[in-house]
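Coordinates from work-v7.txt are shown below (compact mmCIF, C-alpha atoms and all ligand atoms).
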# COMPACT_ATOMS: atom_id res chain seq x y z
CA MET H 998 -12.77 70.81 154.92
CA ARG H 999 -10.92 67.68 155.98
CA SER H 1000 -8.20 66.63 153.57
CA LYS H 1001 -8.74 63.77 151.16
CA PRO H 1002 -7.59 60.42 152.53
CA THR H 1003 -4.26 58.77 151.88
CA ILE H 1004 -4.35 55.02 151.39
CA LEU H 1005 -1.23 53.24 152.61
CA LYS H 1006 -0.72 49.59 151.67
CA LEU H 1007 1.92 47.63 153.53
CA GLY H 1008 2.80 44.61 151.44
CA GLY H 1009 2.82 41.12 152.85
CA SER H 1010 6.45 40.91 151.78
CA VAL H 1011 7.18 43.78 154.15
CA VAL H 1012 5.19 42.96 157.28
CA THR H 1013 6.06 39.24 157.21
CA LYS H 1014 9.02 37.06 156.37
CA LYS H 1015 7.53 35.65 153.22
CA GLU H 1016 9.57 32.46 153.10
CA LYS H 1017 8.88 31.51 156.76
CA LEU H 1018 5.38 30.29 157.55
CA PHE H 1019 3.44 32.48 160.01
CA THR H 1020 6.46 34.67 160.73
CA PRO H 1021 5.84 38.38 161.11
CA ASN H 1022 8.60 40.87 160.48
CA LYS H 1023 8.17 42.50 163.88
CA ARG H 1024 11.07 44.84 163.41
CA ALA H 1025 9.63 46.17 160.15
CA ILE H 1026 6.16 46.49 161.67
CA THR H 1027 7.48 48.52 164.63
CA ARG H 1028 9.56 50.77 162.38
CA LEU H 1029 6.70 51.36 159.94
CA VAL H 1030 4.30 52.18 162.76
CA LYS H 1031 6.79 54.79 164.01
CA GLU H 1032 7.06 56.21 160.49
CA ILE H 1033 3.26 56.48 160.37
CA LYS H 1034 3.29 58.18 163.78
CA PHE H 1035 5.97 60.73 162.92
CA ALA H 1036 4.47 61.54 159.50
CA SER H 1037 1.16 62.32 161.25
CA VAL H 1038 -0.97 62.41 158.10
CA GLU H 1039 -4.38 63.94 158.74
CA SER H 1040 -6.58 61.34 157.04
CA LEU H 1041 -4.97 57.93 156.70
CA LEU H 1042 -6.22 54.42 156.01
CA VAL H 1043 -3.91 51.42 156.23
CA ILE H 1044 -4.27 48.12 154.38
CA HIS H 1045 -1.88 45.23 154.83
CA GLY H 1046 -1.19 42.09 152.87
CA GLY H 1047 -0.97 38.49 154.01
CA GLY H 1048 2.58 37.39 153.22
CA SER H 1049 3.46 34.16 155.03
CA PHE H 1050 0.19 34.25 157.02
CA GLY H 1051 -2.72 34.29 154.58
CA HIS H 1052 -1.17 33.10 151.32
CA PRO H 1053 0.14 29.62 152.21
CA VAL H 1054 -3.12 28.62 153.90
CA ALA H 1055 -5.26 30.00 151.06
CA LYS H 1056 -3.08 28.13 148.60
CA LYS H 1057 -3.23 24.86 150.50
CA TYR H 1058 -7.02 24.89 150.51
CA ARG H 1059 -7.36 26.35 146.98
CA ILE H 1060 -9.53 29.20 148.26
CA THR H 1061 -9.24 31.24 145.04
CA GLU H 1062 -10.92 28.42 143.11
CA GLY H 1063 -14.07 28.88 145.19
CA PHE H 1064 -16.03 26.20 146.97
CA LYS H 1065 -15.41 22.87 145.23
CA ASP H 1066 -15.41 20.38 148.10
CA PRO H 1067 -16.12 20.39 151.85
CA SER H 1068 -12.45 19.89 152.76
CA GLN H 1069 -11.90 23.54 151.83
CA ILE H 1070 -14.27 24.88 154.46
CA MET H 1071 -11.78 24.52 157.28
CA GLY H 1072 -9.25 26.30 155.05
CA PHE H 1073 -11.63 29.24 154.70
CA SER H 1074 -11.69 29.62 158.49
CA LYS H 1075 -7.97 29.03 158.87
CA THR H 1076 -7.02 31.59 156.20
CA HIS H 1077 -9.13 34.17 157.99
CA GLN H 1078 -7.65 33.19 161.33
CA ALA H 1079 -4.13 33.61 159.95
CA MET H 1080 -4.97 37.10 158.72
CA VAL H 1081 -6.61 38.05 162.01
CA SER H 1082 -3.49 37.05 163.94
CA LEU H 1083 -1.22 39.11 161.67
CA ASN H 1084 -3.65 42.01 161.85
CA LYS H 1085 -3.70 41.86 165.65
CA LEU H 1086 0.05 42.29 165.77
CA ILE H 1087 -0.11 45.34 163.54
CA LEU H 1088 -3.04 46.80 165.45
CA ASP H 1089 -1.33 46.19 168.81
CA THR H 1090 1.81 47.94 167.58
CA LEU H 1091 -0.16 50.96 166.32
CA ILE H 1092 -2.00 51.27 169.63
CA GLN H 1093 1.20 50.83 171.66
CA GLU H 1094 2.56 53.84 169.81
CA GLY H 1095 -0.53 55.83 170.77
CA ILE H 1096 -2.09 55.86 167.31
CA PRO H 1097 -5.90 55.69 167.39
CA THR H 1098 -6.88 52.88 165.09
CA MET H 1099 -9.48 50.22 164.49
CA THR H 1100 -9.61 47.11 162.34
CA ILE H 1101 -12.41 46.75 159.84
CA GLN H 1102 -12.76 43.12 158.93
CA PRO H 1103 -13.21 43.01 155.12
CA SER H 1104 -15.11 39.69 155.22
CA SER H 1105 -17.88 41.27 157.25
CA LEU H 1106 -18.10 44.23 154.87
CA VAL H 1107 -17.91 42.71 151.41
CA ILE H 1108 -19.41 39.91 149.32
CA THR H 1109 -17.65 39.41 146.01
CA ASP H 1110 -18.98 38.27 142.66
CA ASN H 1111 -16.53 35.90 140.99
CA GLY H 1112 -13.75 37.37 143.09
CA ARG H 1113 -14.61 40.98 142.30
CA MET H 1114 -16.03 43.36 144.82
CA GLN H 1115 -19.47 44.57 143.76
CA HIS H 1116 -20.61 46.54 146.74
CA MET H 1117 -18.96 47.89 149.83
CA ASP H 1118 -20.55 50.10 152.42
CA ILE H 1119 -17.90 52.66 153.30
CA LYS H 1120 -19.96 54.54 155.89
CA ILE H 1121 -18.07 53.07 158.83
CA VAL H 1122 -14.67 53.65 157.23
CA SER H 1123 -15.62 57.28 156.46
CA ARG H 1124 -16.85 57.85 160.01
CA LEU H 1125 -13.63 56.52 161.48
CA LEU H 1126 -11.63 58.83 159.22
CA GLU H 1127 -13.75 61.78 160.35
CA LEU H 1128 -12.92 60.91 163.96
CA GLU H 1129 -9.22 60.71 163.01
CA ILE H 1130 -9.15 57.02 163.79
CA ILE H 1131 -7.05 55.09 161.30
CA PRO H 1132 -9.07 52.25 159.77
CA VAL H 1133 -6.94 49.16 159.19
CA LEU H 1134 -8.04 46.58 156.63
CA TYR H 1135 -6.33 43.56 155.15
CA GLY H 1136 -6.55 40.97 152.39
CA ASP H 1137 -9.18 38.50 153.59
CA VAL H 1138 -11.30 35.50 152.63
CA VAL H 1139 -14.80 36.65 151.69
CA LEU H 1140 -18.10 35.10 150.74
CA ASP H 1141 -18.70 35.11 147.00
CA SER H 1142 -22.16 35.07 145.42
CA VAL H 1143 -21.01 32.86 142.52
CA GLN H 1144 -18.10 30.78 143.83
CA GLY H 1145 -19.18 30.39 147.45
CA PHE H 1146 -16.05 32.06 148.73
CA SER H 1147 -13.03 33.85 147.38
CA ILE H 1148 -10.03 35.96 148.29
CA LEU H 1149 -10.34 39.71 148.42
CA SER H 1150 -6.78 40.89 148.00
CA GLY H 1151 -5.37 43.87 149.82
CA ASP H 1152 -4.56 45.33 146.40
CA GLN H 1153 -8.19 45.15 145.26
CA LEU H 1154 -9.22 46.82 148.51
CA VAL H 1155 -6.68 49.60 147.99
CA SER H 1156 -8.08 50.62 144.65
CA SER H 1157 -11.78 50.29 145.52
CA LEU H 1158 -11.44 52.18 148.77
CA ALA H 1159 -9.35 54.88 147.12
CA ILE H 1160 -12.08 55.42 144.51
CA LYS H 1161 -15.01 55.24 146.92
CA LEU H 1162 -13.39 57.55 149.47
CA GLY H 1163 -12.15 60.01 146.83
CA ALA H 1164 -8.60 59.48 148.06
CA ASP H 1165 -5.87 61.93 147.27
CA ARG H 1166 -3.18 59.29 146.83
CA ILE H 1167 -2.17 55.70 147.22
CA ILE H 1168 1.17 54.67 148.70
CA LEU H 1169 2.20 51.08 148.06
CA GLY H 1170 5.02 49.80 150.23
CA ILE H 1171 6.67 46.69 148.81
CA ASP H 1172 10.06 44.95 149.11
CA VAL H 1173 11.70 46.40 146.00
CA ASP H 1174 12.33 50.03 145.04
CA GLY H 1175 9.25 50.40 142.82
CA LEU H 1176 8.03 49.25 139.44
CA TYR H 1177 10.81 47.97 137.23
CA THR H 1178 11.01 47.12 133.55
CA SER H 1179 11.03 43.48 134.69
CA ASP H 1180 11.20 41.60 137.97
CA PRO H 1181 14.35 42.97 139.65
CA LYS H 1182 14.71 39.81 141.72
CA ILE H 1183 15.13 37.73 138.58
CA ASP H 1184 16.48 40.10 135.96
CA PRO H 1185 19.69 41.97 136.89
CA SER H 1186 19.21 44.33 133.93
CA ALA H 1187 15.79 45.48 135.19
CA SER H 1188 15.65 49.23 135.63
CA LEU H 1189 13.47 51.29 137.92
CA ILE H 1190 10.64 53.25 136.29
CA GLN H 1191 10.55 56.50 138.24
CA HIS H 1192 7.53 58.09 136.55
CA ILE H 1193 4.80 56.46 134.54
CA ASN H 1194 1.48 57.70 133.22
CA LEU H 1195 -1.77 55.82 132.78
CA GLN H 1196 -1.28 55.01 129.11
CA GLU H 1197 2.22 53.72 129.72
CA LEU H 1198 0.98 51.61 132.59
CA LYS H 1199 -1.72 50.11 130.38
CA ASN H 1200 0.83 49.40 127.65
CA LEU H 1201 2.99 47.63 130.20
CA GLN H 1202 0.04 45.49 131.18
CA TYR H 1203 -0.74 44.61 127.53
CA LYS H 1204 2.85 43.65 126.89
CA ILE H 1205 2.90 40.99 129.59
CA GLY H 1206 4.23 37.79 128.15
CA GLU H 1207 5.92 39.30 125.10
CA ALA H 1208 9.65 38.89 125.07
CA LYS H 1209 12.15 41.72 125.46
CA VAL H 1210 9.63 44.32 126.53
CA PRO H 1211 8.84 45.61 129.97
CA ASP H 1212 7.39 42.72 131.90
CA VAL H 1213 5.20 42.74 134.95
CA THR H 1214 4.83 39.43 136.69
CA GLY H 1215 3.98 37.85 140.00
CA GLY H 1216 2.58 40.08 142.67
CA MET H 1217 3.37 43.18 140.68
CA ARG H 1218 1.07 42.24 137.82
CA GLY H 1219 -1.95 42.03 140.12
CA LYS H 1220 -1.01 45.33 141.71
CA ILE H 1221 -0.83 47.15 138.39
CA LEU H 1222 -4.13 45.70 137.16
CA GLU H 1223 -5.82 46.74 140.39
CA LEU H 1224 -4.26 50.20 140.39
CA ILE H 1225 -5.44 51.15 136.90
CA PRO H 1226 -9.08 52.04 137.81
CA ALA H 1227 -7.88 54.32 140.62
CA ILE H 1228 -5.35 56.06 138.36
CA GLU H 1229 -8.13 56.50 135.79
CA GLN H 1230 -10.02 58.46 138.45
CA GLY H 1231 -7.09 60.84 138.79
CA ILE H 1232 -5.76 59.35 142.04
CA LYS H 1233 -1.97 59.33 142.07
CA ALA H 1234 0.04 56.42 143.32
CA ILE H 1235 3.57 55.95 144.51
CA ILE H 1236 5.31 52.63 144.95
CA VAL H 1237 8.20 52.63 147.42
CA ASN H 1238 10.44 50.14 149.12
CA ALA H 1239 9.00 49.82 152.62
CA VAL H 1240 11.78 47.48 153.72
CA LYS H 1241 14.16 50.44 153.61
CA PRO H 1242 13.74 52.82 156.56
CA ASN H 1243 12.10 56.22 156.06
CA ASN H 1244 10.71 55.62 152.58
CA VAL H 1245 7.14 55.28 153.83
CA TYR H 1246 7.67 58.31 156.09
CA ARG H 1247 8.93 60.39 153.17
CA ALA H 1248 6.11 59.25 150.91
CA LEU H 1249 3.54 60.07 153.59
CA LYS H 1250 5.07 63.54 154.04
CA GLY H 1251 5.10 64.08 150.28
CA GLU H 1252 8.88 64.35 150.30
CA LYS H 1253 11.16 63.19 147.50
CA VAL H 1254 11.74 59.47 147.71
CA ILE H 1255 13.10 56.75 145.45
CA GLY H 1256 10.20 54.89 143.90
CA THR H 1257 7.68 54.91 141.07
CA ILE H 1258 5.21 57.76 140.73
CA ILE H 1259 2.10 56.90 138.75
CA LYS H 1260 -0.16 59.70 137.54
CA LYS H 1261 -2.97 59.76 135.05
CA GLY H 1262 -1.54 62.29 132.68
CA ASP H 1263 2.08 62.72 133.64
CA LYS H 1264 4.75 62.79 130.98
CA VAL H 1265 6.98 59.78 131.28
CA ALA H 1266 10.47 60.80 132.36
P1 LIG H 1301 3.36 42.28 148.47
O1 LIG H 1301 2.99 40.87 148.84
O2 LIG H 1301 4.38 42.87 149.37
O3 LIG H 1301 2.22 43.18 148.25
P2 LIG H 1301 4.36 41.01 146.12
O4 LIG H 1301 5.43 40.14 146.68
O5 LIG H 1301 3.05 40.38 145.77
O6 LIG H 1301 4.11 42.22 147.08
O7 LIG H 1301 4.89 41.81 144.83
C1 LIG H 1301 6.12 42.45 144.86
C2 LIG H 1301 7.09 41.61 144.08
O8 LIG H 1301 6.76 41.66 142.70
C3 LIG H 1301 8.52 42.10 144.15
O9 LIG H 1301 9.18 41.55 145.25
C4 LIG H 1301 9.12 41.65 142.82
O10 LIG H 1301 9.95 40.51 142.99
C5 LIG H 1301 7.90 41.23 141.99
N1 LIG H 1301 7.89 41.83 140.64
C6 LIG H 1301 7.55 41.18 139.51
N2 LIG H 1301 7.63 41.98 138.43
C7 LIG H 1301 8.04 43.19 138.90
C8 LIG H 1301 8.33 44.45 138.26
N3 LIG H 1301 8.18 44.63 136.95
N4 LIG H 1301 8.71 45.48 139.05
C9 LIG H 1301 8.84 45.32 140.40
N5 LIG H 1301 8.61 44.16 141.04
C10 LIG H 1301 8.21 43.10 140.31
Kindly transcribe the structure held in the file into C-alpha cells.
Ligand code: ADP
Amino acid sequence: MRSKPTILKLGGSVVTKKEKLFTPNKRAITRLVKEIKFASVESLLVIHGGGSFGHPVAKKYRITEGFKDPSQIMGFSKTHQAMVSLNKLILDTLIQEGIPTMTIQPSSLVITDNGRMQHMDIKIVSRLLELEIIPVLYGDVVLDSVQGFSILSGDQLVSSLAIKLGADRIILGIDVDGLYTSDPKIDPSASLIQHINLQELKNLQYKIGEAKVPDVTGGMRGKILELIPAIEQGIKAIIVNAVKPNNVYRALKGEKVIGTIIKKGDKVA
C-alpha cells in the first residue's frame, strides 16, 4: 500500500520577504525545491503561505471581515491574483527541477462558513497523490456562505487536508527554530520547546494573554489553534526553521533536526 501522505507547509515568511511588498525569496524557494527533490518523499503535498503577496492586499481591502462594501470586491480579485503569482513562481521552480506537480486552487475547491471550511472534495488531491504528482495549494481568498467571502489560510488547509487524507505527518517550515515559550523575535529569554504533547499544546493556547507564562502570539497562535484538531487525530507535527538550509530536507527524511515535535501523547521533554 502507498504510504500515508506528508503535508509540508512553507510559511509566507520563508518563501517571501515579508517586509517588502510582492517580493519573493527566490533563493529560499530554489533551495527548498532542491531539498524537496533530494528528500524524494513518496507521497507529498505542499502548501504555501502568502507572506508579502497575499497578506498586505487582503489587509488593505479588509477581506477577513467579509463583504461589507463594493470597494472590497476588487481586493478579493487582487488578493487572489497576488497568491496566483507567488504560486506560479513556486510551481515553475518545482517543474524546472523535474518534480511532477500541479496547483490546486483552493478557491475553486472550498466554500467556507464564517471563515471555516465546511466541505472539501479531496478526490482530485488524492488522485494526484496516487499518480505521484505533488499537489500544491496555498492560502487563498474563498467564497463564504455567511460573509460573502473570506480568507482560507494555508494553516487551516494544512490541518484539514492532513485529517481528510489520513496524513502521516505535518511539517511546518517557518522563519524561527520552532515553537518557543514566547515570541523569540520579541523576547530574548524565549526558549525553544523541543517536544510537546497535545495537552501541553492546549494549555499553551489557554494561557495566551496571561503574564509570565508561555505565550503564543501572532502567526504562531493561529498555527497552534489550527494544528490541534490534526494532533487530536494522532497526526504528528514538526515545526522547523525553513530559512536555514537542510532543515526541511532532514524533516522530510525523518532525520534528527532542531525544531518542535508535537505528538498527541508524547511525554514532554
Ligand atoms: P508564516 O507566515 O511563515 O507561516 P508567521 O510569520 O505567521 O509564519 O508565524 C511565525 C512567527 O510567529 C515567527 O516569526 C515568530 O516571530 C512568531 N511567534 C509568535 N509567538 C511565537 C512563539 N511562541 N514561538 C515561535 N514563534 C512565535
Notebook entry, point to check: Which neighbours of region 1109-1116 of chain H fall inside 12 Å, counting only C-alpha atoms, when residues of the same chain fewer than 3 positions from it are skipped, and could you give them as JSON, numbers by chain?
Noted result: {"H": [1060, 1061, 1062, 1063, 1064, 1103, 1104, 1105, 1106, 1119, 1137, 1138, 1139, 1140, 1141, 1142, 1143, 1144, 1145, 1146, 1147, 1148, 1149, 1150, 1151, 1152, 1153, 1154, 1155, 1156, 1157, 1158, 1161, 1223]}
Can you tell me, as lines of an AutoDock Vina configuration file, the centre and edge lengths (Å, one decimal) of the axis-aligned box enclosing all of region 1177-1194 of chain H's listed atoms after padding each side by 6 Å?
center_x = 10.6
center_y = 47.9
center_z = 137.5
size_x = 30.2
size_y = 32.4
size_z = 20.5
Margin query: I'd like to know which of H:Gly1072, H:Pro1242, H:Pro1053, H:Gly1219 is closest to ligand LIG 1301 (chain H), using only C-alpha atoms and all ligand atoms.
Written below: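 Going through H:Gly1072, H:Pro1242, H:Pro1053, H:Gly1219 one by one, the smallest distance to ligand LIG 1301 (chain H) is for H:Gly1219.
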Next item on the list: Name the closest residue to ligand LIG 1301 (chain H) among the candidates H:Gly1008, H:Pro1132, H:Pro1226, H:Gly1051; distances are taken between atoms, counting all atoms listed in the file.
Entry: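 Once distances to ligand LIG 1301 (chain H) are computed over all atoms listed in the file, the minimum belongs to H:Gly1008.
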Check: Please, which residues have at least one atom within 6 Å of an atom of ligand LIG 1301 (chain H), using only C-alpha atoms and all ligand atoms, listed as a PyMOL selection string?
Finding: chain H and resi 1008-1011+1046+1048+1171-1173+1175-1180+1182+1212-1217
Preceding selection exported with C-alpha atoms as a PDB file, in the frame of the given file:
ATOM      1  CA  GLY H1008       2.800  44.610 151.440  1.00  0.00           C
ATOM      2  CA  GLY H1009       2.820  41.120 152.850  1.00  0.00           C
ATOM      3  CA  SER H1010       6.450  40.910 151.780  1.00  0.00           C
ATOM      4  CA  VAL H1011       7.180  43.780 154.150  1.00  0.00           C
ATOM      5  CA  GLY H1046      -1.190  42.090 152.870  1.00  0.00           C
ATOM      6  CA  GLY H1048       2.580  37.390 153.220  1.00  0.00           C
ATOM      7  CA  ILE H1171       6.670  46.690 148.810  1.00  0.00           C
ATOM      8  CA  ASP H1172      10.060  44.950 149.110  1.00  0.00           C
ATOM      9  CA  VAL H1173      11.700  46.400 146.000  1.00  0.00           C
ATOM     10  CA  GLY H1175       9.250  50.400 142.820  1.00  0.00           C
ATOM     11  CA  LEU H1176       8.030  49.250 139.440  1.00  0.00           C
ATOM     12  CA  TYR H1177      10.810  47.970 137.230  1.00  0.00           C
ATOM     13  CA  THR H1178      11.010  47.120 133.550  1.00  0.00           C
ATOM     14  CA  SER H1179      11.030  43.480 134.690  1.00  0.00           C
ATOM     15  CA  ASP H1180      11.200  41.600 137.970  1.00  0.00           C
ATOM     16  CA  LYS H1182      14.710  39.810 141.720  1.00  0.00           C
ATOM     17  CA  ASP H1212       7.390  42.720 131.900  1.00  0.00           C
ATOM     18  CA  VAL H1213       5.200  42.740 134.950  1.00  0.00           C
ATOM     19  CA  THR H1214       4.830  39.430 136.690  1.00  0.00           C
ATOM     20  CA  GLY H1215       3.980  37.850 140.000  1.00  0.00           C
ATOM     21  CA  GLY H1216       2.580  40.080 142.670  1.00  0.00           C
ATOM     22  CA  MET H1217       3.370  43.180 140.680  1.00  0.00           C
TER      23      MET H1217
END
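Among the candidates H:Leu1042, H:Leu1169, H:Asn1084, H:Glu1252, the one nearest to Arg1124 (chain H) when counting all atoms listed in the file is H:Leu1042.
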Check: Neighbours of Lys1253 (chain H) within 12 Å (only C-alpha atoms; same-chain residues fewer than 6 positions away dropped), as number ranges by chain?
Finding: H: 1191, 1235, 1237, 1243-1247
Margin query: Can you pull out the residues contacting Ser1037 (chain H)? Cut-off 12 Å, using all atoms listed in the file, and skip same-chain residues under 6 positions away; I want them as a list in words.
Written below: Thr1003, Val1030, Lys1031, Gly1095, Ile1096, Pro1097, Glu1129, Ile1130, Ile1131, Val1245, Tyr1246, Arg1247, Ala1248, Leu1249, Lys1250 and Gly1251 of chain H
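Across the model, the gap from CA of Tyr1135 (chain H) to CA of Ser1000 (chain H) is 23.2 Å.
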Check: Pick from H:Ile1258, H:Leu1005, H:Ala1234, H:Val1012: nearest to Val1133 (chain H), with only C-alpha atoms counted?
Finding: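 Closest candidate: H:Leu1005.
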Next item on the list: Compute the distance from (-9.5, 23.7, 156.6) to each atom, counting only C-alpha atoms, keep the residues with any atom at most 12 Å away, and return them as an MDAnalysis selection string; use the coordinates of the file.
Entry: chainID H and resid 1054:1060 1064 1066:1079
Item checked: One-decimal distance in Å that lies between CA of Ile1228 (chain H) and CA of Asn1194 (chain H) ->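 It comes out at 8.7 Å.
Shell of Ile1121 (chain H) at 9 Å, with all atoms listed in the file counted and residues fewer than 4 places along the chain excluded, is Ile1101, Leu1125 and Leu1126 of chain H.
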Please produce a file of those selected residues containing C-alpha atoms, as a PDB file, in the frame of the given file.
ATOM      1  CA  ILE H1101     -12.410  46.750 159.840  1.00  0.00           C
ATOM      2  CA  LEU H1125     -13.630  56.520 161.480  1.00  0.00           C
ATOM      3  CA  LEU H1126     -11.630  58.830 159.220  1.00  0.00           C
TER       4      LEU H1126
END
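Residue nearest Gly1163 (chain H) within the list H:Lys1241, H:Arg1218, H:His1045, H:Lys1233: H:Lys1233 [criterion: smallest interatomic distance, all atoms listed in the file].
As for CA of Lys1261 (chain H) and CA of Leu1195 (chain H), they are spaced 4.7 Å apart.
Using only C-alpha atoms, the smallest distance between any of H:Leu1018, H:Val1240, H:Leu1162, H:Ala1025 and Ser1049 (chain H) comes from H:Leu1018.
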